[in-house]
>>> print(open('work17.txt').read())   # compact mmCIF, C-alpha atoms
# COMPACT_ATOMS: atom_id res chain seq x y z
CA MET P 1 0.00 0.00 0.00
CA LYS P 2 2.83 2.22 0.62
CA ARG P 3 3.82 1.66 -2.82
CA ILE P 4 0.40 2.57 -4.03
CA GLN P 5 0.50 5.68 -1.92
CA GLU P 6 3.85 6.57 -3.31
CA GLU P 7 2.63 5.97 -6.81
CA HIS P 8 -0.39 8.00 -5.99
CA LYS P 9 1.80 10.84 -4.69
CA GLU P 10 3.95 10.48 -7.75
CA LEU P 11 0.88 10.59 -9.94
CA LEU P 12 -0.40 13.66 -8.09
CA ARG P 13 2.93 15.37 -8.58
CA SER P 14 2.91 14.40 -12.22
CA LYS P 15 -0.64 15.60 -12.48
CA THR P 16 0.31 18.94 -10.86
CA GLU P 17 3.30 19.25 -13.14
CA LEU P 18 1.18 18.37 -16.12
CA GLN P 19 -1.47 20.88 -15.07
CA HIS P 20 1.24 23.45 -14.66
CA GLN P 21 2.63 22.62 -18.12
CA VAL P 22 -0.89 22.72 -19.57
CA SER P 23 -1.38 26.11 -17.94
CA GLN P 24 1.91 27.36 -19.38
CA LEU P 25 1.06 25.94 -22.79
CA LYS P 26 -2.35 27.66 -22.64
CA GLU P 27 -0.63 30.96 -21.81
CA GLN P 28 1.85 30.46 -24.64
CA LEU P 29 -1.03 29.55 -26.96
CA ALA P 30 -2.90 32.71 -25.92
CA GLU P 31 0.24 34.79 -26.54
CA LYS P 32 0.75 33.14 -29.93
CA GLU P 33 -2.90 33.72 -30.84
CA GLU P 34 -2.53 37.37 -29.82
CA GLN P 35 0.65 37.65 -31.92
CA MET P 36 -1.14 36.00 -34.85
CA SER P 37 -4.05 38.39 -34.45
CA ARG P 38 -1.69 41.40 -34.48
CA ILE P 39 0.18 39.99 -37.50
CA ILE P 40 -3.10 39.34 -39.34
CA GLN P 41 -4.33 42.87 -38.57
CA LYS P 42 -1.01 44.31 -39.70
CA ARG P 43 -1.16 42.29 -42.92
CA ARG P 44 -4.75 43.39 -43.51
CA ARG P 45 -3.74 47.03 -43.06
CA THR P 46 -0.77 46.46 -45.36
CA THR P 47 -3.02 44.75 -47.91
CA VAL P 48 -5.55 47.58 -47.72
CA ALA P 49 -2.76 50.12 -48.13
CA HIS P 50 -1.36 48.12 -51.04
CA VAL P 51 -4.78 47.92 -52.71
CA GLU P 52 -5.27 51.67 -52.20
CA ALA P 53 -1.81 52.33 -53.64
CA MET P 54 -2.59 50.11 -56.63
CA ASN P 55 -5.91 51.91 -57.18
CA LEU P 56 -4.15 55.26 -56.97
CA LEU P 57 -1.47 54.04 -59.36
CA THR P 58 -4.08 52.77 -61.80
CA SER P 59 -6.06 56.01 -61.73
CA THR P 60 -2.85 58.04 -62.04
CA GLN P 61 -1.78 55.96 -65.03
CA ALA P 62 -5.19 56.50 -66.64
CA GLU P 63 -4.95 60.25 -66.01
CA LEU P 64 -1.41 60.28 -67.39
CA LYS P 65 -2.50 58.41 -70.51
CA GLU P 66 -5.41 60.82 -70.99
CA SER P 67 -3.10 63.78 -70.41
CA LYS P 68 -0.60 62.42 -72.96
CA GLN P 69 -3.40 62.02 -75.50
CA ARG P 70 -4.57 65.59 -74.88
CA CYS P 71 -1.01 66.87 -75.15
CA ALA P 72 -0.48 64.95 -78.39
CA ALA P 73 -3.71 66.35 -79.81
CA GLU P 74 -2.76 69.88 -78.73
CA GLU P 75 0.73 69.42 -80.21
CA ASN P 76 -0.76 68.26 -83.51
CA LEU P 77 -3.12 71.23 -83.52
CA ARG P 78 -0.24 73.60 -82.74
CA LYS P 79 1.85 72.11 -85.56
CA GLN P 80 -1.07 72.43 -87.99
CA GLN P 81 -1.59 76.04 -86.94
CA GLU P 82 2.13 76.75 -87.32
CA GLU P 83 2.12 75.16 -90.77
CA ARG P 84 -0.95 77.18 -91.81
CA SER P 85 0.60 80.36 -90.44
CA LYS P 86 3.84 79.64 -92.27
CA GLN P 87 1.94 79.02 -95.51
CA GLU P 88 -0.04 82.24 -95.04
CA ILE P 89 3.16 84.18 -94.35
CA ASP P 90 4.83 82.68 -97.43
CA GLN P 91 1.78 83.50 -99.53
CA LEU P 92 1.67 87.06 -98.17
CA ARG P 93 5.39 87.50 -98.89
CA GLU P 94 4.89 86.27 -102.42
CA GLU P 95 1.93 88.63 -102.92
CA LEU P 96 3.97 91.50 -101.47
CA GLN P 97 6.83 90.76 -103.86
CA GLN P 98 4.40 90.68 -106.78
CA LEU P 99 2.85 93.97 -105.65
CA GLN P 100 6.30 95.51 -105.27
CA GLN P 101 7.24 94.35 -108.76
CA VAL P 102 4.02 95.78 -110.20
CA SER P 103 4.51 98.99 -108.22
CA ASN P 104 8.12 99.27 -109.37
CA GLY P 105 6.99 98.71 -112.95
CA GLU P 106 4.27 101.36 -112.62
CA ASN P 107 6.73 103.75 -111.02
CA ARG P 108 9.17 103.19 -113.87
CA GLU P 109 6.41 103.81 -116.41
CA ARG P 110 5.29 106.94 -114.57
CA LYS P 111 8.87 108.21 -114.39
CA GLN P 112 9.37 107.48 -118.08
CA GLN P 113 6.14 109.30 -118.96
CA GLU P 114 7.16 112.20 -116.76
CA GLU P 115 10.59 112.34 -118.38
CA ARG P 116 9.00 112.25 -121.86
CA GLY P 117 6.65 115.03 -120.83
CA TRP P 118 9.52 117.18 -119.62
CA GLU P 119 11.45 116.45 -122.79
CA GLU P 120 8.47 117.53 -124.88
CA ILE P 121 8.06 120.67 -122.77
CA ASP P 122 11.76 121.42 -123.23
CA GLN P 123 11.42 120.91 -126.99
CA LEU P 124 8.37 123.13 -127.13
CA TRP P 125 10.13 125.79 -125.12
CA GLU P 126 13.09 125.65 -127.46
CA GLU P 127 10.76 125.91 -130.44
CA ILE P 128 9.07 128.93 -128.85
CA GLN P 129 12.39 130.62 -128.31
CA GLN P 130 13.59 129.80 -131.81
CA LEU P 131 10.58 131.31 -133.39
CA GLN P 132 11.46 134.63 -134.71
CA VAL P 133 8.37 135.34 -136.57
CA SER P 134 6.06 138.24 -136.39
CA LYS P 135 4.09 138.80 -133.24
CA GLY P 136 0.82 137.65 -134.81
CA GLU P 137 2.24 134.43 -136.13
CA ASN P 138 4.22 134.04 -132.98
CA ARG P 139 1.07 134.40 -130.87
CA GLU P 140 -0.74 131.74 -132.92
CA ARG P 141 2.15 129.33 -132.62
CA CYS P 142 2.51 130.13 -128.92
CA ARG P 143 -1.16 129.38 -128.36
CA GLY P 144 -0.77 126.08 -130.18
CA PHE P 145 2.28 125.23 -128.12
CA TRP P 146 0.59 126.24 -124.89
CA LYS P 147 -2.37 124.05 -125.79
CA ARG P 148 -0.01 121.14 -126.33
CA ILE P 149 1.67 121.88 -123.01
CA GLN P 150 -1.70 122.00 -121.25
CA ARG P 151 -2.68 118.66 -122.79
CA LEU P 152 0.58 117.14 -121.64
CA TRP P 153 0.02 118.42 -118.12
CA LYS P 154 -3.48 116.94 -118.08
CA ASN P 155 -2.15 113.53 -119.02
>>> encode(input="work17.txt", output="structure tokens")
Amino acid sequence: MKRIQEEHKELLRSKTELQHQVSQLKEQLAEKEEQMSRIIQKRRRTTVAHVEAMNLLTSTQAELKESKQRCAAEENLRKQQEERSKQEIDQLREELQQLQQVSNGENRERKQQEERGWEEIDQLWEEIQQLQVSKGENRERCRGFWKRIQRLWKN
């Protein structure tokens, strides 16, 4: 019986030790579960942040693509406007050159006509001075010359 009592004591001690170990294991398990819970929450927050970052990245990429398309369209429009402006400027320069050529030609003609008129006036004046006819004849010739001079001035 002593032996049974000793075994019983031994069993009780083992039981107490086992209960103590179970208690420690339960505490460790609770700590591990708490750690797991914190890790899971942290991962969830990280995942949410990652998803938000991905959404922001996606929307930013879409905005960038749209902005690039708008910029490309604006650049094309600007180039077209520049090309049209350049063509208009070239056309206006060409028209100006043509007008200058016409104007120069008209000026030359006008100067030539003016020079011819002065030459004729000079000739008439010389003829008037050379005339050494009587006053009556001279007056008639002078009137004729003056009429010619007046016609030249009108032209």
>>> axis_aligned_box(input="work17.txt", around="stretch 15-19 of chain P", padding_each_side="5 Å", output="JSON")
{"center_x": 0.9, "center_y": 18.2, "center_z": -13.5, "size_x": 14.8, "size_y": 15.3, "size_z": 15.3}
>>> atom_distance(input="work17.txt", atom1="atom CA of P:Glu126", atom2="atom CA of P:Lys147")
15.6 Å
>>> atom_distance(input="work17.txt", atom1="atom CA of P:Arg43", atom2="atom CA of P:Asn55")
17.8 Å
>>> atom_distance(input="work17.txt", atom1="atom CA of P:Glu17", atom2="atom CA of P:Met1")
23.5 Å
>>> closest_residue(input="work17.txt", among="P:Phe145, P:Ala49, P:Arg108, P:Thr16", to="P:Asp122", atoms="only C-alpha atoms")
P:Phe145
>>> closest_residue(input="work17.txt", among="P:Gln19, P:Gln101, P:Gln35, P:Gln150", to="P:Gly117", atoms="only C-alpha atoms")
P:Gln150
>>> residues_around(input="work17.txt", residues="P:Gln113", least_positions_apart="5", cutoff="12 Å", atoms="only C-alpha atoms", output="list in words")
Glu106, Asn107, Arg108, Trp118, Glu119, Glu120, Leu152, Trp153 and Asn155 of chain P
>>> decode(input="work17.txt", residues="stretch 37-98 of chain P", atoms="C-alpha atoms", output="compact mmCIF listing (two decimals), in the first residue's frame")
# COMPACT_ATOMS: atom_id res chain seq x y z
CA SER P 37 -4.05 38.39 -34.45
CA ARG P 38 -1.69 41.40 -34.48
CA ILE P 39 0.18 39.99 -37.50
CA ILE P 40 -3.10 39.34 -39.34
CA GLN P 41 -4.33 42.87 -38.57
CA LYS P 42 -1.01 44.31 -39.70
CA ARG P 43 -1.16 42.29 -42.92
CA ARG P 44 -4.75 43.39 -43.51
CA ARG P 45 -3.74 47.03 -43.06
CA THR P 46 -0.77 46.46 -45.36
CA THR P 47 -3.02 44.75 -47.91
CA VAL P 48 -5.55 47.58 -47.72
CA ALA P 49 -2.76 50.12 -48.13
CA HIS P 50 -1.36 48.12 -51.04
CA VAL P 51 -4.78 47.92 -52.71
CA GLU P 52 -5.27 51.67 -52.20
CA ALA P 53 -1.81 52.33 -53.64
CA MET P 54 -2.59 50.11 -56.63
CA ASN P 55 -5.91 51.91 -57.18
CA LEU P 56 -4.15 55.26 -56.97
CA LEU P 57 -1.47 54.04 -59.36
CA THR P 58 -4.08 52.77 -61.80
CA SER P 59 -6.06 56.01 -61.73
CA THR P 60 -2.85 58.04 -62.04
CA GLN P 61 -1.78 55.96 -65.03
CA ALA P 62 -5.19 56.50 -66.64
CA GLU P 63 -4.95 60.25 -66.01
CA LEU P 64 -1.41 60.28 -67.39
CA LYS P 65 -2.50 58.41 -70.51
CA GLU P 66 -5.41 60.82 -70.99
CA SER P 67 -3.10 63.78 -70.41
CA LYS P 68 -0.60 62.42 -72.96
CA GLN P 69 -3.40 62.02 -75.50
CA ARG P 70 -4.57 65.59 -74.88
CA CYS P 71 -1.01 66.87 -75.15
CA ALA P 72 -0.48 64.95 -78.39
CA ALA P 73 -3.71 66.35 -79.81
CA GLU P 74 -2.76 69.88 -78.73
CA GLU P 75 0.73 69.42 -80.21
CA ASN P 76 -0.76 68.26 -83.51
CA LEU P 77 -3.12 71.23 -83.52
CA ARG P 78 -0.24 73.60 -82.74
CA LYS P 79 1.85 72.11 -85.56
CA GLN P 80 -1.07 72.43 -87.99
CA GLN P 81 -1.59 76.04 -86.94
CA GLU P 82 2.13 76.75 -87.32
CA GLU P 83 2.12 75.16 -90.77
CA ARG P 84 -0.95 77.18 -91.81
CA SER P 85 0.60 80.36 -90.44
CA LYS P 86 3.84 79.64 -92.27
CA GLN P 87 1.94 79.02 -95.51
CA GLU P 88 -0.04 82.24 -95.04
CA ILE P 89 3.16 84.18 -94.35
CA ASP P 90 4.83 82.68 -97.43
CA GLN P 91 1.78 83.50 -99.53
CA LEU P 92 1.67 87.06 -98.17
CA ARG P 93 5.39 87.50 -98.89
CA GLU P 94 4.89 86.27 -102.42
CA GLU P 95 1.93 88.63 -102.92
CA LEU P 96 3.97 91.50 -101.47
CA GLN P 97 6.83 90.76 -103.86
CA GLN P 98 4.40 90.68 -106.78
